[in-house]
file work_10.csv (CSV, C-alpha atoms and all ligand atoms)
chain,number,residue,atom,x,y,z
A,1,MET,CA,79.8,107.1,99.1
A,2,ARG,CA,79.2,103.9,97.1
A,3,VAL,CA,81.5,103.5,94.1
A,4,LEU,CA,81.0,101.1,91.3
A,5,VAL,CA,84.3,100.3,89.6
A,6,THR,CA,84.1,98.2,86.4
A,7,GLY,CA,87.1,96.2,85.3
A,8,GLY,CA,88.6,96.4,88.8
A,9,ALA,CA,90.5,93.1,88.4
A,10,GLY,CA,92.6,94.4,85.5
A,11,PHE,CA,95.9,96.3,85.7
A,12,ILE,CA,94.8,99.9,86.3
A,13,GLY,CA,91.4,99.1,87.8
A,14,SER,CA,92.9,96.9,90.6
A,15,CYS,CA,95.4,99.7,91.5
A,16,PHE,CA,92.4,102.1,91.6
A,17,VAL,CA,90.3,99.8,93.8
A,18,LYS,CA,93.2,99.5,96.3
A,19,TYR,CA,93.9,103.2,96.1
A,20,ILE,CA,90.3,104.2,96.9
A,21,LEU,CA,89.9,101.7,99.7
A,22,ASN,CA,93.1,102.8,101.3
A,23,LYS,CA,92.4,106.5,101.0
A,24,TYR,CA,88.7,106.6,101.9
A,25,SER,CA,87.9,104.3,104.8
A,26,ASN,CA,84.2,105.3,104.7
A,27,TYR,CA,83.7,104.4,101.0
A,28,GLU,CA,82.0,101.2,99.9
A,29,LEU,CA,83.4,99.9,96.6
A,30,ILE,CA,81.8,97.4,94.3
A,31,ASN,CA,84.0,95.8,91.7
A,32,LEU,CA,82.2,94.4,88.6
A,33,ASP,CA,84.5,92.4,86.4
A,34,ALA,CA,83.9,89.7,83.9
A,35,LEU,CA,87.3,88.2,84.6
A,36,THR,CA,88.3,87.9,80.9
A,37,TYR,CA,91.7,86.5,80.1
A,38,CYS,CA,93.4,89.6,81.7
A,39,GLY,CA,91.2,90.0,84.7
A,40,ASN,CA,92.9,88.5,87.7
A,41,LEU,CA,91.8,88.4,91.3
A,42,ASP,CA,95.4,87.8,92.4
A,43,ASN,CA,95.8,91.5,91.8
A,44,LEU,CA,93.4,92.3,94.7
A,45,LYS,CA,94.6,89.8,97.4
A,46,GLU,CA,95.6,92.6,99.8
A,47,ILE,CA,92.1,94.0,100.1
A,48,GLU,CA,89.9,91.0,99.4
A,49,ASN,CA,88.8,90.8,103.0
A,50,ASN,CA,88.1,94.5,103.4
A,51,SER,CA,84.5,94.7,104.6
A,52,ASN,CA,83.9,97.8,102.4
A,53,TYR,CA,84.9,95.8,99.3
A,54,HIS,CA,82.5,93.7,97.2
A,55,PHE,CA,83.3,91.7,94.1
A,56,ILE,CA,80.7,90.7,91.5
A,57,LYS,CA,81.7,88.6,88.5
A,58,GLY,CA,79.7,89.9,85.6
A,59,ASN,CA,79.7,91.6,82.3
A,60,ILE,CA,79.1,95.3,81.7
A,61,CYS,CA,77.1,94.2,78.6
A,62,ASP,CA,74.5,92.5,80.9
A,63,SER,CA,72.0,95.3,81.2
A,64,LYS,CA,69.8,93.6,83.8
A,65,LEU,CA,72.7,93.0,86.1
A,66,VAL,CA,74.2,96.5,85.6
A,67,LYS,CA,70.8,98.2,86.3
A,68,GLU,CA,70.5,96.1,89.5
A,69,ILE,CA,74.0,96.9,90.8
A,70,THR,CA,73.8,100.6,90.1
A,71,LYS,CA,70.6,101.1,92.1
A,72,ASP,CA,72.3,102.6,95.3
A,73,VAL,CA,75.6,103.7,93.7
A,74,ASP,CA,76.9,107.3,93.8
A,75,PHE,CA,79.8,107.1,91.4
A,76,ILE,CA,80.6,104.8,88.4
A,77,VAL,CA,84.2,104.6,87.2
A,78,ASN,CA,84.4,102.6,84.0
A,79,PHE,CA,87.7,100.8,83.4
A,80,ALA,CA,86.2,97.6,81.9
A,81,ALA,CA,87.5,97.2,78.4
A,82,GLU,CA,89.3,95.1,75.9
A,83,SER,CA,92.5,97.0,75.9
A,84,HIS,CA,95.1,95.4,73.7
A,85,VAL,CA,95.7,97.0,70.2
A,86,ASP,CA,97.1,93.9,68.7
A,87,ASN,CA,94.0,91.9,69.7
A,88,SER,CA,91.8,94.5,68.2
A,89,ILE,CA,93.6,94.2,64.9
A,90,LYS,CA,93.0,90.4,64.9
A,91,ASN,CA,89.5,90.4,66.3
A,92,PRO,CA,87.7,93.8,66.5
A,93,GLN,CA,84.2,92.5,67.2
A,94,ILE,CA,84.7,92.0,71.0
A,95,PHE,CA,86.1,95.6,71.2
A,96,ILE,CA,82.8,97.0,69.9
A,97,GLU,CA,80.8,94.7,72.3
A,98,THR,CA,82.6,95.6,75.5
A,99,ASN,CA,84.0,99.1,74.8
A,100,VAL,CA,81.0,100.6,73.0
A,101,LYS,CA,77.9,98.5,73.9
A,102,GLY,CA,79.1,97.9,77.4
A,103,THR,CA,79.7,101.6,78.0
A,104,MET,CA,76.2,102.3,76.6
A,105,ASN,CA,74.7,99.9,79.0
A,106,LEU,CA,76.4,101.6,82.0
A,107,LEU,CA,75.3,105.0,80.8
A,108,GLU,CA,71.7,103.8,80.6
A,109,ALA,CA,71.9,102.4,84.1
A,110,ALA,CA,73.5,105.6,85.4
A,111,LYS,CA,70.7,107.6,83.8
A,112,GLU,CA,67.9,105.4,85.2
A,113,ASN,CA,69.4,105.4,88.7
A,114,HIS,CA,70.4,109.1,88.8
A,115,ILE,CA,74.0,108.5,89.8
A,116,LYS,CA,76.0,111.5,90.9
A,117,ARG,CA,79.0,111.0,88.6
A,118,PHE,CA,80.0,108.8,85.7
A,119,LEU,CA,83.7,108.7,85.0
A,120,GLN,CA,84.8,107.2,81.7
A,121,VAL,CA,88.4,106.0,81.7
A,122,SER,CA,89.6,106.7,78.2
A,123,THR,CA,92.9,106.9,76.4
A,124,ASP,CA,95.2,109.3,74.5
A,125,GLU,CA,95.0,106.9,71.6
A,126,VAL,CA,91.6,108.4,70.6
A,127,TYR,CA,93.6,111.4,69.2
A,128,GLY,CA,95.5,109.3,66.7
A,129,SER,CA,99.2,109.9,66.0
A,130,LEU,CA,101.4,113.0,66.3
A,131,GLY,CA,104.4,114.1,64.2
A,132,SER,CA,107.7,114.9,65.9
A,133,GLU,CA,106.3,118.0,67.6
A,134,GLY,CA,103.2,119.1,69.5
A,135,TYR,CA,100.9,117.6,72.1
A,136,PHE,CA,97.4,116.1,72.4
A,137,TYR,CA,95.1,118.7,74.0
A,138,GLU,CA,91.5,118.0,75.2
A,139,THR,CA,90.5,120.0,72.1
A,140,THR,CA,92.5,117.9,69.6
A,141,PRO,CA,90.1,116.3,67.1
A,142,LEU,CA,89.5,112.6,67.5
A,143,ALA,CA,91.3,110.5,64.9
A,144,PRO,CA,91.6,106.9,66.1
A,145,ASN,CA,93.7,104.6,64.0
A,146,SER,CA,93.1,101.1,65.4
A,147,PRO,CA,89.9,99.2,66.1
A,148,TYR,CA,90.8,99.6,69.8
A,149,SER,CA,91.1,103.4,69.8
A,150,ALA,CA,88.1,103.7,67.5
A,151,SER,CA,86.0,101.7,70.0
A,152,LYS,CA,87.3,103.9,72.9
A,153,ALA,CA,86.6,107.1,70.8
A,154,SER,CA,83.0,105.8,70.1
A,155,ALA,CA,82.5,105.3,73.8
A,156,ASP,CA,83.7,108.8,74.6
A,157,LEU,CA,81.2,110.2,72.1
A,158,LEU,CA,78.4,108.3,73.7
A,159,VAL,CA,79.4,109.6,77.1
A,160,ARG,CA,79.5,113.1,75.7
A,161,ALA,CA,76.0,112.6,74.2
A,162,TYR,CA,74.5,111.5,77.5
A,163,TYR,CA,75.8,114.7,79.0
A,164,GLU,CA,74.5,116.9,76.2
A,165,THR,CA,71.1,115.1,75.8
A,166,TYR,CA,70.2,113.9,79.3
A,167,LYS,CA,72.5,116.1,81.5
A,168,LEU,CA,74.0,113.0,83.0
A,169,PRO,CA,76.9,114.1,85.2
A,170,VAL,CA,79.8,112.6,83.2
A,171,VAL,CA,83.5,113.3,83.0
A,172,ILE,CA,86.1,111.7,80.7
A,173,THR,CA,89.8,111.1,81.4
A,174,ARG,CA,92.3,110.4,78.6
A,175,CYS,CA,95.6,109.0,79.8
A,176,SER,CA,98.8,108.1,78.2
A,177,ASN,CA,100.5,104.7,78.4
A,178,ASN,CA,100.6,103.3,81.9
A,179,TYR,CA,103.3,101.0,83.5
A,180,GLY,CA,103.7,99.4,86.9
A,181,PRO,CA,103.1,96.2,88.8
A,182,TYR,CA,100.3,93.8,87.8
A,183,GLN,CA,100.2,94.7,84.1
A,184,TYR,CA,99.2,91.8,82.0
A,185,PRO,CA,102.4,90.5,80.2
A,186,GLU,CA,101.0,91.2,76.7
A,187,LYS,CA,101.8,94.9,77.1
A,188,LEU,CA,105.2,96.2,76.1
A,189,ILE,CA,107.0,96.7,79.4
A,190,PRO,CA,105.9,93.5,81.2
A,191,PHE,CA,106.2,91.6,77.9
A,192,PHE,CA,109.9,92.5,77.6
A,193,ILE,CA,110.5,91.7,81.3
A,194,SER,CA,108.8,88.3,81.1
A,195,LYS,CA,110.8,87.5,77.9
A,196,LEU,CA,114.1,88.4,79.5
A,197,LEU,CA,113.2,86.4,82.6
A,198,LYS,CA,113.0,83.4,80.3
A,199,ASP,CA,116.3,84.4,78.7
A,200,GLU,CA,114.5,85.0,75.4
A,201,LYS,CA,114.9,87.9,73.0
A,202,ILE,CA,112.6,90.9,73.1
A,203,PRO,CA,110.8,91.6,69.8
A,204,ILE,CA,110.6,95.3,68.8
A,205,TYR,CA,108.1,96.5,66.1
A,206,GLY,CA,109.5,98.3,63.0
A,207,ASP,CA,112.5,100.6,63.7
A,208,GLY,CA,111.7,100.9,67.4
A,209,MET,CA,111.3,104.7,67.1
A,210,ASN,CA,107.6,104.8,68.0
A,211,ILE,CA,107.2,107.2,71.0
A,212,ARG,CA,104.9,106.8,73.9
A,213,ASP,CA,104.4,109.0,77.0
A,214,TRP,CA,104.7,106.8,80.1
A,215,LEU,CA,102.9,107.3,83.4
A,216,TYR,CA,103.2,105.2,86.6
A,217,VAL,CA,99.9,103.5,87.3
A,218,GLU,CA,99.4,105.0,90.8
A,219,ASP,CA,99.8,108.5,89.3
A,220,HIS,CA,97.0,107.6,86.8
A,221,CYS,CA,94.8,106.5,89.8
A,222,SER,CA,95.5,109.7,91.8
A,223,ALA,CA,94.5,111.7,88.7
A,224,ILE,CA,91.2,109.8,88.3
A,225,ASP,CA,90.5,110.3,92.0
A,226,CYS,CA,91.2,114.0,91.6
A,227,VAL,CA,88.9,114.2,88.6
A,228,LEU,CA,86.2,112.1,90.2
A,229,HIS,CA,85.9,114.4,93.2
A,230,ASN,CA,86.8,117.8,91.7
A,231,ALA,CA,86.0,118.1,88.0
A,232,LYS,CA,83.1,119.9,86.4
A,233,ASP,CA,80.4,117.9,84.7
A,234,GLY,CA,80.9,117.3,81.0
A,235,GLU,CA,84.6,118.0,81.0
A,236,ILE,CA,87.5,116.0,79.5
A,237,TYR,CA,90.9,115.8,81.2
A,238,ASN,CA,94.1,114.6,79.7
A,239,ILE,CA,96.4,112.8,82.0
A,240,GLY,CA,100.2,112.4,81.4
A,241,GLY,CA,103.6,112.9,82.9
A,242,HIS,CA,105.7,114.3,80.1
A,243,ASN,CA,107.7,111.2,79.9
A,244,GLU,CA,108.2,110.5,76.2
A,245,LYS,CA,110.4,107.5,75.3
A,246,THR,CA,110.9,105.6,72.1
A,247,ASN,CA,110.4,101.8,72.3
A,248,ILE,CA,114.1,101.3,71.7
A,249,GLU,CA,114.9,103.5,74.7
A,250,ILE,CA,112.5,101.6,76.9
A,251,SER,CA,114.2,98.3,75.8
A,252,HIS,CA,117.7,99.7,76.6
A,253,ILE,CA,116.6,100.8,80.1
A,254,ILE,CA,115.0,97.4,80.8
A,255,LEU,CA,118.1,95.5,79.4
A,256,GLU,CA,120.4,97.5,81.6
A,257,ILE,CA,118.5,97.1,84.8
A,258,MET,CA,118.1,93.3,84.1
A,259,GLY,CA,121.8,93.0,83.3
A,260,LYS,CA,121.4,91.9,79.6
A,261,ASN,CA,123.1,93.2,76.5
A,262,GLU,CA,121.8,94.4,73.1
A,263,ASN,CA,122.0,91.0,71.6
A,264,TYR,CA,118.6,90.3,73.3
A,265,ILE,CA,116.9,92.8,70.9
A,266,GLU,CA,115.2,91.5,67.8
A,267,PHE,CA,113.5,93.8,65.3
A,268,VAL,CA,110.2,92.3,63.9
A,269,ALA,CA,107.7,93.4,61.2
A,270,ASP,CA,105.8,96.6,62.3
A,271,ARG,CA,102.3,96.5,63.7
A,272,LEU,CA,99.6,97.5,61.1
A,273,GLY,CA,98.7,101.1,61.4
A,274,HIS,CA,101.2,101.6,64.2
A,275,ASP,CA,100.8,105.2,65.6
A,276,ARG,CA,104.2,107.0,65.6
A,277,ARG,CA,104.0,109.3,68.5
A,278,TYR,CA,101.8,110.1,71.5
A,279,ALA,CA,102.4,113.0,73.8
A,280,ILE,CA,100.0,114.5,76.2
A,281,SER,CA,99.6,118.0,77.4
A,282,ASN,CA,98.5,117.8,81.1
A,283,LYS,CA,98.1,121.5,81.4
A,284,LYS,CA,94.4,121.4,82.1
A,285,ILE,CA,94.4,118.9,84.9
A,286,THR,CA,97.5,120.4,86.6
A,287,THR,CA,96.3,124.1,86.4
A,288,LYS,CA,92.6,123.6,86.9
A,289,LEU,CA,92.6,120.7,89.4
A,290,GLY,CA,96.1,120.9,90.9
A,291,TRP,CA,97.0,117.3,90.1
A,292,THR,CA,100.7,116.4,89.5
A,293,PRO,CA,102.4,113.1,89.0
A,294,LYS,CA,104.6,111.9,91.8
A,295,VAL,CA,106.7,109.1,90.4
A,296,ASN,CA,109.6,109.9,88.0
A,297,PHE,CA,110.3,107.3,85.3
A,298,GLU,CA,113.7,106.2,86.6
A,299,GLU,CA,112.2,105.3,90.0
A,300,GLY,CA,108.9,103.9,88.5
A,301,ILE,CA,110.7,101.5,86.1
A,302,LYS,CA,113.0,100.2,88.8
A,303,ASN,CA,110.0,99.6,91.1
A,304,THR,CA,108.2,97.8,88.3
A,305,ILE,CA,111.1,95.6,87.3
A,306,ASN,CA,111.8,94.7,90.9
A,307,TRP,CA,108.1,93.8,91.4
A,308,TYR,CA,108.2,91.4,88.4
A,309,LEU,CA,111.4,89.9,89.6
A,310,ASN,CA,110.0,89.3,93.1
A,311,ASN,CA,106.6,88.1,91.8
A,312,GLN,CA,107.5,85.6,89.2
A,313,ASP,CA,104.7,83.3,90.4
A,314,TRP,CA,102.2,85.9,89.3
A,315,ILE,CA,103.5,85.7,85.7
A,316,LYS,CA,103.7,81.8,85.9
A,317,ASN,CA,100.1,81.6,87.1
A,318,ILE,CA,99.0,83.7,84.0
A,319,GLU,CA,101.1,81.5,81.7
A,320,ASN,CA,99.6,78.3,83.2
A,321,LYS,CA,96.1,79.7,82.8
A,322,LYS,CA,96.9,80.5,79.2
A,323,ALA,CA,98.2,77.0,78.5
A,324,GLU,CA,95.1,75.5,80.1
A,325,THR,CA,92.7,77.4,77.9
A,326,LYS,CA,94.5,76.7,74.6
B,401,LIG,N1,97.0,100.3,80.0
B,401,LIG,C1,97.1,101.6,79.6
B,401,LIG,O1,98.3,102.0,79.3
B,401,LIG,C2,95.9,102.5,79.5
B,401,LIG,C3,96.2,103.9,79.2
B,401,LIG,C4,95.0,104.7,79.1
B,401,LIG,C5,93.8,104.2,79.3
B,401,LIG,N2,93.6,102.9,79.5
B,401,LIG,C6,92.2,102.4,79.8
B,401,LIG,O2,92.1,102.0,81.1
B,401,LIG,C7,91.2,100.9,81.3
B,401,LIG,C8,91.9,99.8,82.0
B,401,LIG,O3,93.0,99.4,81.2
B,401,LIG,P1,93.9,98.2,81.8
B,401,LIG,O4,95.3,98.4,81.1
B,401,LIG,O5,93.8,98.1,83.2
B,401,LIG,O6,93.2,97.0,81.1
B,401,LIG,P2,93.2,95.4,81.4
B,401,LIG,O7,93.1,94.8,80.1
B,401,LIG,O8,94.4,95.1,82.3
B,401,LIG,O9,91.9,95.2,82.3
B,401,LIG,C9,90.6,95.2,81.8
B,401,LIG,C10,89.7,94.6,82.8
B,401,LIG,O10,88.3,94.7,82.3
B,401,LIG,C11,87.7,93.5,82.5
B,401,LIG,N3,86.7,93.3,81.5
B,401,LIG,C12,86.9,93.2,80.1
B,401,LIG,N4,85.7,93.1,79.5
B,401,LIG,C13,84.7,93.2,80.4
B,401,LIG,C14,83.3,93.2,80.4
B,401,LIG,N5,82.7,93.0,79.2
B,401,LIG,N6,82.6,93.3,81.5
B,401,LIG,C15,83.3,93.5,82.7
B,401,LIG,N7,84.6,93.5,82.8
B,401,LIG,C16,85.3,93.3,81.7
B,401,LIG,C17,88.8,92.5,82.4
B,401,LIG,O11,88.4,91.2,83.0
B,401,LIG,C18,89.9,93.2,83.1
B,401,LIG,O12,89.9,92.9,84.5
B,401,LIG,C19,90.7,100.6,79.8
B,401,LIG,O13,89.5,101.2,79.6
B,401,LIG,C20,91.8,101.2,78.9
B,401,LIG,O14,91.2,101.6,77.7
B,401,LIG,C21,94.6,102.0,79.6
call {"tool": "encode", "arguments": {"input": "work_10.csv", "output": "structure tokens"}}
result
Amino acid sequence: MRVLVTGGAGFIGSCFVKYILNKYSNYELINLDALTYCGNLDNLKEIENNSNYHFIKGNICDSKLVKEITKDVDFIVNFAAESHVDNSIKNPQIFIETNVKGTMNLLEAAKENHIKRFLQVSTDEVYGSLGSEGYFYETTPLAPNSPYSASKASADLLVRAYYETYKLPVVITRCSNNYGPYQYPEKLIPFFISKLLKDEKIPIYGDGMNIRDWLYVEDHCSAIDCVLHNAKDGEIYNIGGHNEKTNIEISHIILEIMGKNENYIEFVADRLGHDRRYAISNKKITTKLGWTPKVNFEEGIKNTINWYLNNQDWIKNIENKKAETK
């Protein structure tokens, strides 16, 4: 099998690239990544010399390049995206370019080249926000609240349309918040860890009671692998681990593991349109495809913090790069 992974130098994509190459020794994998500010080839050092792995620096919006690359490809797994909600509030345009037009380009290339499966990596944020009860199901209406989630929902609708109109063999996954090693330190957990490593306070939006449903990144990758190989065309699968935590709970867990006290917490003005609660029902993927998450939160968060403590150069390199481009 030849698999095209887009965005494979990012947090989840790089974990998926390593996961697939380790699991399927006969698969060839092409990683197409534009290496935007959060794409990082340091994430892929352990497989960079694998003869089944090929890296192409390029943009999913480049239709000529994408059509060329997809010629002999069996599967496309689309991770490439602008992924940070705060950035989408400041500058929504690039989110439409990459997340919507880029996905459209990939769908066109997939159609032209008769690929066997197109997997769109989406997010639970397309469903909007929940009250204190209930879960997101695959049938929950789309109600995105940020430019980021609106761009992801738009892409999902295009993917669905290519199935309905052209019978393109597509499948969509919608996962909850991920955490784990190699996550760019703009996202909540690595942001808090990197602040505490510098002995700085951690800023918490609003009252800190926003709830997210956390999943360890390798569990997300095993779920995508399961869907890629076993799902029915045209289906949507939610992915989550039933691990709801408020942001304030997350901060307390990190403070405790890092040996810091509550004085390191600083409440700041809330994010615009901040969704209150996300919680995923994973019933469909667990009952229909037999997938289950393996890493519990206590173990996963310890692994994650230890990884950041042992890989402080990884964060420093990112900070140096940021300083150079300012
Ligand atoms: N992080 C989460 O908690 C989470 C949860 C659910 C779904 N997702 C989805 O998973 C995917 C990956 O998320 P992530 O957290 O790894 O993101 P990330 O920001 O760490 O990585 C994104 C990658 O895409 C690349 N990229 C960006 N624009 C590109 C373009 N135009 N062409 C080619 N490559 C481009 C970047 O260089 C980077 O390597 C996204 O589609 C995101 O919506 C993320």
call {"tool": "closest_atom_pairs", "arguments": {"input": "work_10.csv", "of": "chain A", "to": "ligand LIG 401 (chain B)", "cutoff": "8 Å", "atoms": "all atoms listed in the file", "output": "CSV"}}
result
residue,atom,partner,partner_atom,distance
A:Thr6,CA,B:LIG401,N7,5.9
A:Gly7,CA,B:LIG401,O10,3.6
A:Gly8,CA,B:LIG401,O12,5.7
A:Ala9,CA,B:LIG401,O12,4.0
A:Gly10,CA,B:LIG401,O12,3.2
A:Phe11,CA,B:LIG401,O5,3.7
A:Ile12,CA,B:LIG401,O5,3.7
A:Gly13,CA,B:LIG401,O5,5.3
A:Ser14,CA,B:LIG401,O5,7.6
A:Leu32,CA,B:LIG401,C15,6.1
A:Asp33,CA,B:LIG401,N7,3.8
A:Ala34,CA,B:LIG401,N7,4.0
A:Leu35,CA,B:LIG401,O11,3.6
A:Thr36,CA,B:LIG401,O11,3.9
A:Tyr37,CA,B:LIG401,O11,6.4
A:Cys38,CA,B:LIG401,C18,5.2
A:Gly39,CA,B:LIG401,O12,3.2
A:Asn40,CA,B:LIG401,O12,6.2
A:Lys57,CA,B:LIG401,C15,7.8
A:Gly58,CA,B:LIG401,C15,5.9
A:Asn59,CA,B:LIG401,N6,3.5
A:Ile60,CA,B:LIG401,N6,4.0
A:Cys61,CA,B:LIG401,N5,5.8
A:Asn78,CA,B:LIG401,O13,6.9
A:Phe79,CA,B:LIG401,C7,4.1
A:Ala80,CA,B:LIG401,O10,3.6
A:Ala81,CA,B:LIG401,C12,4.4
A:Glu82,CA,B:LIG401,C12,5.2
A:Ser83,CA,B:LIG401,O7,4.8
A:His84,CA,B:LIG401,O7,6.7
A:Glu97,CA,B:LIG401,N5,7.4
A:Thr98,CA,B:LIG401,N5,4.5
A:Asn99,CA,B:LIG401,O13,7.6
A:Gly102,CA,B:LIG401,N5,6.3
A:Gln120,CA,B:LIG401,O13,7.9
A:Val121,CA,B:LIG401,O13,5.4
A:Ser122,CA,B:LIG401,C5,5.0
A:Thr123,CA,B:LIG401,C5,4.1
A:Asp124,CA,B:LIG401,C4,6.5
A:Glu125,CA,B:LIG401,C4,7.8
A:Lys152,CA,B:LIG401,O14,6.6
A:Arg174,CA,B:LIG401,C4,6.3
A:Cys175,CA,B:LIG401,C4,4.4
A:Ser176,CA,B:LIG401,C3,5.0
A:Asn177,CA,B:LIG401,O1,3.6
A:Asn178,CA,B:LIG401,O1,3.7
A:Tyr179,CA,B:LIG401,O1,6.6
A:Gln183,CA,B:LIG401,O8,6.1
A:Tyr184,CA,B:LIG401,O8,5.8
A:Lys187,CA,B:LIG401,N1,7.8
call {"tool": "write_last_selection", "arguments": {"input": "work_10.csv", "atoms": "C-alpha atoms", "output": "compact mmCIF listing (two decimals), in the coordinates of the input"}}
result
# COMPACT_ATOMS: atom_id res chain seq x y z
CA THR A 6 84.10 98.20 86.40
CA GLY A 7 87.10 96.20 85.30
CA GLY A 8 88.60 96.40 88.80
CA ALA A 9 90.50 93.10 88.40
CA GLY A 10 92.60 94.40 85.50
CA PHE A 11 95.90 96.30 85.70
CA ILE A 12 94.80 99.90 86.30
CA GLY A 13 91.40 99.10 87.80
CA SER A 14 92.90 96.90 90.60
CA LEU A 32 82.20 94.40 88.60
CA ASP A 33 84.50 92.40 86.40
CA ALA A 34 83.90 89.70 83.90
CA LEU A 35 87.30 88.20 84.60
CA THR A 36 88.30 87.90 80.90
CA TYR A 37 91.70 86.50 80.10
CA CYS A 38 93.40 89.60 81.70
CA GLY A 39 91.20 90.00 84.70
CA ASN A 40 92.90 88.50 87.70
CA LYS A 57 81.70 88.60 88.50
CA GLY A 58 79.70 89.90 85.60
CA ASN A 59 79.70 91.60 82.30
CA ILE A 60 79.10 95.30 81.70
CA CYS A 61 77.10 94.20 78.60
CA ASN A 78 84.40 102.60 84.00
CA PHE A 79 87.70 100.80 83.40
CA ALA A 80 86.20 97.60 81.90
CA ALA A 81 87.50 97.20 78.40
CA GLU A 82 89.30 95.10 75.90
CA SER A 83 92.50 97.00 75.90
CA HIS A 84 95.10 95.40 73.70
CA GLU A 97 80.80 94.70 72.30
CA THR A 98 82.60 95.60 75.50
CA ASN A 99 84.00 99.10 74.80
CA GLY A 102 79.10 97.90 77.40
CA GLN A 120 84.80 107.20 81.70
CA VAL A 121 88.40 106.00 81.70
CA SER A 122 89.60 106.70 78.20
CA THR A 123 92.90 106.90 76.40
CA ASP A 124 95.20 109.30 74.50
CA GLU A 125 95.00 106.90 71.60
CA LYS A 152 87.30 103.90 72.90
CA ARG A 174 92.30 110.40 78.60
CA CYS A 175 95.60 109.00 79.80
CA SER A 176 98.80 108.10 78.20
CA ASN A 177 100.50 104.70 78.40
CA ASN A 178 100.60 103.30 81.90
CA TYR A 179 103.30 101.00 83.50
CA GLN A 183 100.20 94.70 84.10
CA TYR A 184 99.20 91.80 82.00
CA LYS A 187 101.80 94.90 77.10
call {"tool": "atom_distance", "arguments": {"input": "work_10.csv", "atom1": "atom CA of Tyr137 of chain A", "atom2": "atom CA of Asn238 of chain A"}}
result
7.1 Å
call {"tool": "atom_distance", "arguments": {"input": "work_10.csv", "atom1": "atom CA of Ser25 of chain A", "atom2": "atom CA of Tyr182 of chain A"}}
result
23.5 Å
call {"tool": "closest_residue", "arguments": {"input": "work_10.csv", "among": "A:Leu228, A:Leu188, A:Ile96, A:Cys221", "to": "Ser146 of chain A", "atoms": "only C-alpha atoms"}}
result
A:Ile96
call {"tool": "residues_around", "arguments": {"input": "work_10.csv", "residues": "segment 285-292 of chain A", "least_positions_apart": "5", "cutoff": "9 Å", "atoms": "only C-alpha atoms", "output": "list of chain:residue names"}}
result
A:Asp219, A:Ser222, A:Ala223, A:Cys226, A:Val227, A:Asn230, A:Ala231, A:Tyr237, A:Asn238, A:Ile239, A:Gly241
call {"tool": "closest_residue", "arguments": {"input": "work_10.csv", "among": "A:Asp275, A:Met258, A:Thr165, A:Gln93", "to": "Ala143 of chain A", "atoms": "only C-alpha atoms"}}
result
A:Asp275
call {"tool": "residues_near_point", "arguments": {"input": "work_10.csv", "point": "(108.7, 109.2, 70.6)", "cutoff": "10 Å", "atoms": "only C-alpha atoms", "output": "MDAnalysis selection string"}}
result
chainID A and resid 130:133 208:213 243:249 276:279
call {"tool": "closest_residue", "arguments": {"input": "work_10.csv", "among": "A:Arg117, A:Pro190, A:Leu44, A:Ala161", "to": "Lys232 of chain A", "atoms": "only C-alpha atoms"}}
result
A:Arg117
call {"tool": "closest_residue", "arguments": {"input": "work_10.csv", "among": "A:Ser194, A:His242, A:Glu68, A:Gly273", "to": "Pro147 of chain A", "atoms": "all atoms listed in the file"}}
result
A:Gly273
call {"tool": "atom_distance", "arguments": {"input": "work_10.csv", "atom1": "atom CA of Cys15 of chain A", "atom2": "atom CA of Asn282 of chain A"}}
result
21.1 Å
call {"tool": "residues_around", "arguments": {"input": "work_10.csv", "residues": "Ile189 of chain A", "least_positions_apart": "2", "cutoff": "9 Å", "atoms": "all atoms listed in the file", "output": "JSON, numbers by chain"}}
result
{"A": [179, 180, 183, 185, 186, 187, 191, 192, 193, 194, 250, 251, 254, 305]}
call {"tool": "closest_residue", "arguments": {"input": "work_10.csv", "among": "A:Ser63, A:Pro181, A:Asn306, A:Ile280", "to": "Ser129 of chain A", "atoms": "all atoms listed in the file"}}
result
A:Ile280
call {"tool": "closest_residue", "arguments": {"input": "work_10.csv", "among": "A:Leu197, A:Ile94, A:Ala155, A:Leu106", "to": "Val73 of chain A", "atoms": "only C-alpha atoms"}}
result
A:Leu106
call {"tool": "residues_around", "arguments": {"input": "work_10.csv", "residues": "His54 of chain A", "least_positions_apart": "5", "cutoff": "9 Å", "atoms": "all atoms listed in the file", "output": "list in words"}}
result
Glu28, Leu29, Ile30, Asn31, Leu32 and Glu48 of chain A
call {"tool": "residues_around", "arguments": {"input": "work_10.csv", "residues": "segment 168-171 of chain A", "least_positions_apart": "6", "cutoff": "6 Å", "atoms": "only C-alpha atoms", "output": "list in words"}}
result
Arg117, Phe118, Leu119, Tyr162, Asp233, Gly234, Glu235 and Ile236 of chain A
